[in-house]
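Peer 1: Attaching a single structure in structure tokens format; questions to follow.
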Protein chains: 2
Amino acid sequence: MKITREAIEQAEKIIKPYIHQTPVLTNKSINELTGIDFYFKCENFQKIGAFKIRGGMNATLSLNAAQLKNGIATHSSGNHAQALAYAAKTLGIKAYIVMPKSSPQVKVDAVKGYGAEVIICEANQAAREAALNKVVAETGAEFIHPYDDYRVITGQATCVKEFIEEVPALDVVITPVGGGGLLSGTCLGAHFFKPGLQVYAGEPEGAADAVLSIKSGKVEKAPFINTIADGLMTTLSEQTLAIIKEYVTDILLVTDEEIIAALKLVYERMKIIVEPSCVVPFAAAIKNAHLFKGKKVGIILSGGNVDLTKFGTWFPAKN
Amino acid sequence: MKITREAIEQAEKIIKPYIHQTPVLTNKSINELTGIDFYFKCENFQKIGAFKIRGGMNATLSLNAAQLKNGIATHSSGNHAQALAYAAKTLGIKAYIVMPKSSPQVKVDAVKGYGAEVIICEANQAAREAALNKVVAETGAEFIHPYDDYRVITGQATCVKEFIEEVPALDVVITPVGGGGLLSGTCLGAHFFKPGLQVYAGEPEGAADAVLSIKSGKVEKAPFINTIADGLMTTLSEQTLAIIKEYVTDILLVTDEEIIAALKLVYERMKIIVEPSCVVPFAAAIKNAHLFKGKKVGIILSGGNVDLTKFGTWFPAKN
């Protein structure tokens, strides 16, 4: 299904009653420090604490009554799980969420808190898919993939549309990239609503599939997975890669140390809580400042769902 | 010097160009959880990361040219130090800040970063006062006390004035109490700009001087000092006590465990960074929910300057 300008406008209209129009923050001391004119679109303040509600809500609202009847289902250990659970609660339907047993208890609790049914499985892709297929077969629920779904991508595209309306003079927008739902949506939103707006992505070195996939032109696996950016460990799909390949300016890699330094800046200067995955584009901009000096650079701060007990490892106490 | 309605209006006018009008946030999930209609005045987003800039800036701007000539001075390990350093930088004058050698390096660096001269002394009251007297004698700088100063109290009063204008229907406002600058200012602001608005304060059990002072009617010392709310360890002055005694509804004590639980709620649900001292009023409201159910309760979130390396002790990793 080809995603159009009208589809994004329609998505914005139908999800509007259910989501927040998130604020755009600026920070003088960060701009002085970096020489870059940053604008931060704060999706950490979004419903469920992340942009994922945009795609999850749009996909759910796009279902017809027959499809809705048996509820919705997905496998996710992260923000997409919460997005579908919240969408289902809002619409009064059932949600079945397959979560690997490695999922943090706080996330399992959040999903259950929205009234979704959680199915715990082994922590590997095959087990997740098997458990999902089983629940779909038993319940007739509609599967909504976290990113390999044009309705989800269309929903994520509403974020950059809002951002452009809030800061019309933006020169660049940078998102994180995991499975590519937000990045492909942002590419399309920029293309339709502000042609000429450059789209970059930040990716962790420890989950570097997108940068390889763009180079080879086909979906590649990351050489290794090892990063604190736990929302970005997934791999692009054919669908997201096709869009990203066409529109993205570049994908920039950062190390975990650079992610933590960016996290520290955001916590200390902006006084807001964001996830490590969420500051990857900010870290990429700082690292590649030569590309962005003097430009108006929009960062989509994608989410703020952190496990507070991890803070001690990110910012260890001095001896 | 008696603080008048006009003095607060004048303070608001003269500090306005130098400070932020901070946002008021609400949070549906916290309201549902507590049954209280909370409004959070986010002074953690204020210049220098805390409300202290209001008083520090007002006091500095109240000096005449002869007084300004030799700069300003104070002793403080906390946000007042940064407030004066920032005020001095803004006005192009000198600031001399006496800081105990126990001060976190991050705070010393912040004060130096604004161009202030830092004088390190032993970590006790006598040493701080001796060092301050010495620097004032040598330089002729004007001493601005962190809270025992009517110009500082008048500046702090502008916060509740703004808050009332932003949320006219407020029933209650709660602040933290340390030396009583913010609380006495809030008492006066409420009295002049919304008579009938109840003013409460939250105080840590491990620095419980204000609750005793209100009871006895004279300035009392805390029985012991041991709390993570490091901004609230100071003792009321005659001046702040006199105002608080007249206007405050009550002072409510909380434990460090209750402070950490409130901190967790704010971090997880609101996605903003605040200091432990800053959530003491919120913790007090949750603990005494019977007083506040169904009311519109304003919390002044006083500041967000945290040492990130402390996170690990507040939210220890699970085994």
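A note on labels: chains of the structure tokens are A, B, ... as shown, every chain counts residues from 1, and ligands are counted from 1 in their shown order.
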What are the residues of chain A lining chain B at 8 Å or less? Count only C-alpha atoms, and put the answer as a ChimeraX atom specification.

Peer 2: /A:44-45,49,264,267-268,270-274,304-306,308-313,315-318

Peer 1: Write the selection just made, keeping C-alpha atoms, as an mmCIF file, in the first residue's frame?

Peer 2:
```cif
data_model
loop_
_atom_site.group_PDB
_atom_site.id
_atom_site.type_symbol
_atom_site.label_atom_id
_atom_site.label_comp_id
_atom_site.auth_asym_id
_atom_site.auth_seq_id
_atom_site.Cartn_x
_atom_site.Cartn_y
_atom_site.Cartn_z
ATOM 1 C CA ASN A 44 8.508 11.469 25.759
ATOM 2 C CA PHE A 45 5.521 13.514 26.968
ATOM 3 C CA GLY A 49 5.390 7.975 27.008
ATOM 4 C CA LYS A 264 23.464 13.453 30.606
ATOM 5 C CA TYR A 267 18.866 15.341 31.937
ATOM 6 C CA GLU A 268 21.080 18.100 33.315
ATOM 7 C CA MET A 270 16.657 20.235 29.873
ATOM 8 C CA LYS A 271 15.459 18.499 33.061
ATOM 9 C CA ILE A 272 13.427 15.940 31.172
ATOM 10 C CA ILE A 273 13.470 12.150 31.259
ATOM 11 C CA VAL A 274 14.175 10.410 27.981
ATOM 12 C CA GLY A 304 10.698 8.519 27.971
ATOM 13 C CA ASN A 305 9.937 5.065 29.332
ATOM 14 C CA VAL A 306 13.011 4.254 31.383
ATOM 15 C CA LEU A 308 14.909 3.898 36.882
ATOM 16 C CA THR A 309 17.005 1.063 38.332
ATOM 17 C CA LYS A 310 19.263 1.363 35.241
ATOM 18 C CA PHE A 311 20.326 4.913 36.140
ATOM 19 C CA GLY A 312 23.056 3.615 38.438
ATOM 20 C CA THR A 313 24.786 1.825 35.562
ATOM 21 C CA PHE A 315 25.751 7.319 35.744
ATOM 22 C CA PRO A 316 27.827 5.307 38.219
ATOM 23 C CA ALA A 317 28.665 6.873 41.590
ATOM 24 C CA LYS A 318 32.168 8.279 41.924
#
```

Peer 1: Considering only C-alpha atoms, return as a ChimeraX atom specification whatever protein or nucleic-acid residues lie within 7 Å of Glu117 of chain A, sequence-local ones (same chain, fewer than 4 positions apart) excluded.

Peer 2: /A:95-97,112

Peer 1: Work out how far atom CA of Ala131 of chain B is from atom CA of Ile144 of chain B, in Å to one decimal.

Peer 2: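 So the two atoms, atom CA of Ile144 of chain B and atom CA of Ala131 of chain B, lie 14.3 Å apart.
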
Peer 1: Counting only C-alpha atoms, what is within 9 Å of segment 284-300 of chain B, bar same-chain residues fewer than 3 positions away, as a CSV table (one decimal) with N, CA and C atoms, in the first residue's frame?

Peer 2:
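Output below, filename out25.csv:
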```csv
chain,number,residue,atom,x,y,z
B,34,THR,N,-4.2,9.2,42.6
B,34,THR,CA,-4.2,9.8,43.9
B,34,THR,C,-5.6,10.4,44.3
B,35,GLY,N,-6.5,10.5,43.3
B,35,GLY,CA,-7.8,11.2,43.5
B,35,GLY,C,-7.7,12.7,43.8
B,36,ILE,N,-6.5,13.2,43.5
B,36,ILE,CA,-6.3,14.7,43.8
B,36,ILE,C,-6.0,15.3,42.4
B,37,ASP,N,-6.5,16.6,42.3
B,37,ASP,CA,-6.4,17.3,41.0
B,37,ASP,C,-5.2,18.2,41.1
B,38,PHE,N,-4.0,17.6,40.7
B,38,PHE,CA,-2.7,18.3,40.9
B,38,PHE,C,-2.4,19.2,39.7
B,39,TYR,N,-1.8,20.3,40.1
B,39,TYR,CA,-1.2,21.3,39.1
B,39,TYR,C,0.3,21.5,39.5
B,40,PHE,N,1.2,21.3,38.6
B,40,PHE,CA,2.6,21.3,38.9
B,40,PHE,C,3.3,22.6,38.3
B,41,LYS,N,3.7,23.5,39.1
B,41,LYS,CA,4.4,24.7,38.6
B,41,LYS,C,5.9,24.4,38.5
B,42,CYS,N,6.4,24.3,37.2
B,42,CYS,CA,7.7,23.6,37.0
B,42,CYS,C,8.9,24.6,37.1
B,43,GLU,N,9.2,24.9,38.3
B,43,GLU,CA,10.4,25.8,38.5
B,43,GLU,C,11.7,25.0,38.2
B,159,CYS,N,6.5,33.7,42.3
B,159,CYS,CA,6.2,32.4,41.7
B,159,CYS,C,4.7,32.0,41.9
B,160,VAL,N,4.2,32.2,43.1
B,160,VAL,CA,2.8,31.9,43.4
B,160,VAL,C,1.9,32.8,42.7
B,163,PHE,N,1.5,31.5,39.3
B,163,PHE,CA,0.8,30.3,39.4
B,163,PHE,C,-0.7,30.5,39.5
B,167,VAL,N,-3.5,29.3,37.0
B,167,VAL,CA,-4.6,28.4,37.4
B,167,VAL,C,-5.5,29.1,38.5
B,169,ALA,N,-8.3,28.8,39.6
B,169,ALA,CA,-9.2,28.0,40.5
B,169,ALA,C,-8.5,27.2,41.6
B,170,LEU,N,-7.2,27.4,41.7
B,170,LEU,CA,-6.4,26.7,42.7
B,170,LEU,C,-7.1,26.8,44.1
B,171,ASP,N,-7.2,25.7,44.8
B,171,ASP,CA,-7.7,25.7,46.2
B,171,ASP,C,-6.5,25.7,47.2
B,172,VAL,N,-5.4,25.1,46.9
B,172,VAL,CA,-4.3,24.9,47.8
B,172,VAL,C,-3.0,25.0,47.0
B,173,VAL,N,-2.0,25.5,47.7
B,173,VAL,CA,-0.7,25.5,47.1
B,173,VAL,C,0.3,24.9,48.2
B,174,ILE,N,1.2,24.1,47.8
B,174,ILE,CA,2.1,23.5,48.7
B,174,ILE,C,3.6,23.7,48.2
B,175,THR,N,4.4,24.1,49.1
B,175,THR,CA,5.9,24.3,48.8
B,175,THR,C,6.7,23.5,49.7
B,176,PRO,N,8.0,23.3,49.3
B,176,PRO,CA,8.9,22.7,50.3
B,176,PRO,C,9.3,23.8,51.3
B,201,ALA,N,3.0,23.4,53.6
B,201,ALA,CA,4.4,23.1,53.3
B,201,ALA,C,4.7,21.7,53.6
B,202,GLY,N,5.6,21.1,52.8
B,202,GLY,CA,6.2,19.8,53.1
B,202,GLY,C,7.6,19.9,53.6
B,203,GLU,N,7.9,19.1,54.7
B,203,GLU,CA,9.2,19.2,55.3
B,203,GLU,C,9.7,17.8,55.5
B,251,ILE,N,2.2,22.5,58.2
B,251,ILE,CA,3.5,21.9,57.7
B,251,ILE,C,3.4,20.4,57.9
B,252,LEU,N,3.6,19.7,56.8
B,252,LEU,CA,3.4,18.2,56.8
B,252,LEU,C,4.8,17.5,56.7
B,253,LEU,N,5.1,16.5,57.5
B,253,LEU,CA,6.4,15.8,57.5
B,253,LEU,C,6.3,14.6,56.6
B,254,VAL,N,7.4,14.3,55.9
B,254,VAL,CA,7.5,13.1,55.1
B,254,VAL,C,8.9,12.5,55.3
B,258,GLU,N,9.2,8.2,51.5
B,258,GLU,CA,8.1,8.8,50.8
B,258,GLU,C,8.6,9.8,49.7
B,259,ILE,N,9.7,10.4,50.0
B,259,ILE,CA,10.3,11.4,49.0
B,259,ILE,C,10.7,10.6,47.8
B,262,ALA,N,7.7,9.5,45.7
B,262,ALA,CA,7.2,10.6,45.0
B,262,ALA,C,8.1,11.0,43.8
B,278,CYS,N,12.5,18.9,46.0
B,278,CYS,CA,11.4,19.5,45.1
B,278,CYS,C,10.1,18.7,45.2
B,279,VAL,N,10.2,17.4,45.5
B,279,VAL,CA,9.0,16.6,45.5
B,279,VAL,C,8.5,16.4,46.9
B,280,VAL,N,9.1,17.1,47.9
B,280,VAL,CA,8.6,16.9,49.3
B,280,VAL,C,7.2,17.4,49.4
B,281,PRO,N,6.8,18.5,48.8
B,281,PRO,CA,5.3,18.9,48.9
B,281,PRO,C,4.4,17.8,48.3
B,303,GLY,N,12.8,22.8,41.9
B,303,GLY,CA,14.1,22.8,41.2
B,303,GLY,C,14.4,21.4,40.6
```

Peer 1: So the first atom is atom CA of Asn226 of chain A and the second is atom CA of Phe51 of chain A; what is the distance between them in Å, to one decimal place?

Peer 2: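 For atom CA of Asn226 of chain A relative to atom CA of Phe51 of chain A, the distance reads 23.6 Å.
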
Peer 1: Could you pull out the strand (DSSP E or B) residues of segment 221-261 of chain A from DSSP and send them as a PyMOL selection string?

Peer 2: chain A and resi 250-254

Peer 1: Tell me which protein, DNA and RNA residues are within 6 Å of Lys101 of chain A, counting only C-alpha atoms, leaving out same-chain ones fewer than 6 positions away, and put them as a JSON list (two decimals) with N, CA, C and O atoms, in the first residue's frame.

Peer 2:
```json
[["chain", "number", "residue", "atom", "x", "y", "z"],
["A", 120, "ILE", "N", 3.36, -14.53, 28.07],
["A", 120, "ILE", "CA", 4.82, -14.55, 28.21],
["A", 120, "ILE", "C", 5.40, -15.72, 27.39],
["A", 120, "ILE", "O", 4.86, -16.83, 27.43],
["A", 121, "CYS", "N", 6.48, -15.46, 26.65],
["A", 121, "CYS", "CA", 7.11, -16.53, 25.86],
["A", 121, "CYS", "C", 8.62, -16.49, 26.04],
["A", 121, "CYS", "O", 9.16, -15.59, 26.68],
["A", 122, "GLU", "N", 9.31, -17.46, 25.47],
["A", 122, "GLU", "CA", 10.78, -17.45, 25.50],
["A", 122, "GLU", "C", 11.29, -16.22, 24.75],
["A", 122, "GLU", "O", 10.61, -15.69, 23.86],
["A", 123, "ALA", "N", 12.52, -15.83, 25.10],
["A", 123, "ALA", "CA", 13.05, -14.57, 24.55],
["A", 123, "ALA", "C", 13.78, -14.78, 23.23],
["A", 123, "ALA", "O", 14.96, -14.48, 23.11]]
```

Peer 1: Give me, as a ChimeraX atom specification, the residues of segment 51-156 of chain B that a backbone DSSP run labels helix (DSSP H, G or I).

Peer 2: /B:52-61,65-68,79-91,105-113,125-139,150-156

Peer 1: Can you list, as a short mmCIF file (atom, residue, chain, number, x, y, z; two decimals) with N, CA and C atoms, in the first residue's frame, every protein, DNA or RNA residue that comes within 10 Å of segment 210-212 of chain A when you count only C-alpha atoms, leaving out same-chain residues fewer than 6 positions away?

Peer 2:
```cif
data_model
loop_
_atom_site.label_atom_id
_atom_site.label_comp_id
_atom_site.auth_asym_id
_atom_site.auth_seq_id
_atom_site.Cartn_x
_atom_site.Cartn_y
_atom_site.Cartn_z
N VAL A 177 16.69 5.18 14.57
CA VAL A 177 16.20 4.11 13.70
C VAL A 177 16.42 2.74 14.34
N GLY A 178 15.30 2.01 14.45
CA GLY A 178 15.33 0.62 14.93
C GLY A 178 14.76 -0.22 13.79
N GLY A 179 13.45 -0.47 13.81
CA GLY A 179 12.80 -1.16 12.71
C GLY A 179 12.47 -0.23 11.55
N GLY A 180 12.55 1.07 11.82
CA GLY A 180 12.38 2.03 10.73
C GLY A 180 10.99 2.61 10.58
N ALA A 201 19.12 9.98 10.32
CA ALA A 201 18.81 9.11 11.45
C ALA A 201 20.07 8.85 12.26
N GLY A 202 19.87 8.61 13.54
CA GLY A 202 20.96 8.16 14.40
C GLY A 202 20.75 6.68 14.72
N GLU A 203 21.83 5.91 14.68
CA GLU A 203 21.74 4.47 14.96
C GLU A 203 22.88 4.07 15.89
N PRO A 204 22.63 3.17 16.85
CA PRO A 204 23.73 2.73 17.73
C PRO A 204 24.69 1.83 16.96
N LYS A 218 19.68 -3.85 0.50
CA LYS A 218 18.73 -4.88 0.95
C LYS A 218 18.81 -5.02 2.48
N VAL A 219 17.79 -5.64 3.05
CA VAL A 219 17.73 -5.74 4.51
C VAL A 219 18.89 -6.58 5.04
N GLU A 220 19.73 -5.96 5.85
CA GLU A 220 20.89 -6.65 6.43
C GLU A 220 20.68 -6.79 7.94
N LYS A 221 21.35 -7.80 8.50
CA LYS A 221 21.37 -7.94 9.96
C LYS A 221 22.52 -7.10 10.52
N ALA A 222 22.39 -6.64 11.75
CA ALA A 222 23.51 -5.97 12.41
C ALA A 222 24.61 -7.00 12.66
N PRO A 223 25.89 -6.59 12.54
CA PRO A 223 26.99 -7.53 12.78
C PRO A 223 26.95 -8.07 14.21
N THR A 234 15.89 -3.79 16.74
CA THR A 234 15.21 -4.48 15.65
C THR A 234 15.81 -4.11 14.29
N THR A 235 15.40 -4.88 13.29
CA THR A 235 15.95 -4.77 11.94
C THR A 235 14.92 -4.14 11.01
N LEU A 236 15.37 -3.35 10.04
CA LEU A 236 14.46 -2.79 9.05
C LEU A 236 13.66 -3.89 8.36
N SER A 237 12.51 -3.53 7.83
CA SER A 237 11.76 -4.47 6.98
C SER A 237 11.91 -4.02 5.53
N LEU A 241 12.64 -0.14 4.65
CA LEU A 241 13.89 0.12 3.92
C LEU A 241 13.62 0.82 2.59
N ILE A 244 12.98 4.47 3.29
CA ILE A 244 14.16 5.15 3.85
C ILE A 244 15.22 5.35 2.77
N LYS A 245 15.45 4.29 1.99
CA LYS A 245 16.45 4.32 0.91
C LYS A 245 16.20 5.49 -0.05
N ASP A 250 21.18 10.63 5.39
CA ASP A 250 22.25 9.75 5.88
C ASP A 250 21.84 9.14 7.22
N ILE A 251 22.51 8.04 7.56
CA ILE A 251 22.34 7.41 8.87
C ILE A 251 23.68 7.48 9.58
N LEU A 252 23.67 8.02 10.81
CA LEU A 252 24.91 8.32 11.53
C LEU A 252 25.02 7.42 12.75
N LEU A 253 26.18 6.79 12.90
CA LEU A 253 26.37 5.85 14.02
C LEU A 253 26.92 6.54 15.26
#
```

Peer 1: Would you please work out which residue, of B:Gly189, B:Gly92, B:Pro104, B:Gly155, is nearest to Gly78 of chain B when using only C-alpha atoms?

Peer 2: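 Of B:Gly189, B:Gly92, B:Pro104, B:Gly155, the one nearest Gly78 of chain B, counting only C-alpha atoms, is B:Pro104.
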
Peer 1: Mind pulling up the distance from atom CA of Ile243 of chain B to atom CA of Ser184 of chain B?

Peer 2: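 Between these atoms lies a distance of 5.6 Å.
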
Peer 1: Could you pull the residues within 8 Å of Met233 of chain A, counting only C-alpha atoms, minus those fewer than 3 positions along the same chain, as number ranges by chain?

Peer 2: A: 178-179, 207, 225, 227, 229-230

Peer 1: What does the file look like for those residues with all heavy atoms, as a compact mmCIF listing (two decimals), in the first residue's frame?

Peer 2:
```txt
# COMPACT_ATOMS: atom_id res chain seq x y z
N GLY A 178 15.30 2.01 14.45
CA GLY A 178 15.33 0.62 14.93
C GLY A 178 14.76 -0.22 13.79
O GLY A 178 15.47 -0.55 12.84
N GLY A 179 13.45 -0.47 13.81
CA GLY A 179 12.80 -1.16 12.71
C GLY A 179 12.47 -0.23 11.55
O GLY A 179 12.14 -0.67 10.47
N ALA A 207 23.91 -1.87 17.05
CA ALA A 207 22.70 -2.40 16.39
C ALA A 207 22.66 -1.80 14.99
O ALA A 207 21.66 -1.24 14.55
CB ALA A 207 21.44 -2.05 17.17
N ILE A 225 24.70 -7.28 18.28
CA ILE A 225 23.72 -6.47 19.01
C ILE A 225 24.23 -6.27 20.42
O ILE A 225 24.33 -7.23 21.20
CB ILE A 225 22.35 -7.17 19.06
CG1 ILE A 225 21.79 -7.43 17.67
CG2 ILE A 225 21.36 -6.36 19.91
CD1 ILE A 225 21.17 -6.25 16.98
N THR A 227 23.92 -2.77 22.88
CA THR A 227 23.74 -1.33 23.07
C THR A 227 22.75 -1.07 24.21
O THR A 227 21.88 -1.90 24.46
CB THR A 227 23.23 -0.65 21.78
OG1 THR A 227 22.93 0.72 22.07
CG2 THR A 227 21.97 -1.31 21.23
N ALA A 229 20.67 1.25 23.93
CA ALA A 229 19.47 1.77 23.24
C ALA A 229 18.54 0.61 22.93
O ALA A 229 18.44 0.15 21.80
CB ALA A 229 19.89 2.51 21.98
N ASP A 230 17.83 0.13 23.96
CA ASP A 230 17.10 -1.13 23.84
C ASP A 230 15.88 -1.05 22.92
O ASP A 230 15.32 -2.07 22.55
CB ASP A 230 16.71 -1.68 25.22
CG ASP A 230 15.88 -0.68 26.01
OD1 ASP A 230 15.65 0.45 25.50
OD2 ASP A 230 15.45 -1.01 27.12
```

Peer 1: Output as CSV one row per residue of segment 136-250 of chain A within 6 Å of segment 72-76 of chain A: the closest atom pair and its distance in Å to one decimal place, counting only C-alpha atoms, sorted by chain and residue number ascending.

Peer 2:
```
residue,atom,partner,partner_atom,distance
A:Ala141,CA,A:Ile72,CA,4.8
A:Glu142,CA,A:Ile72,CA,4.5
A:Phe143,CA,A:Ala73,CA,4.7
A:Ile144,CA,A:Thr74,CA,5.6
```

Peer 1: Residues near Lys2 of chain A, anyone? I mean within 10 Å using only C-alpha atoms, not counting same-chain ones fewer than 3 positions away, as a list in words.

Peer 2: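 The contact residues come out as Ala7, Tyr150 and Thr154 of chain A.
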
Peer 1: Rank nothing, just name the residue among A:Ala110, A:Ala59, A:Ile30, A:Val98 nearest to Glu129 of chain A, using only C-alpha atoms.

Peer 2: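 For Glu129 of chain A, the nearest of the candidates is A:Val98.
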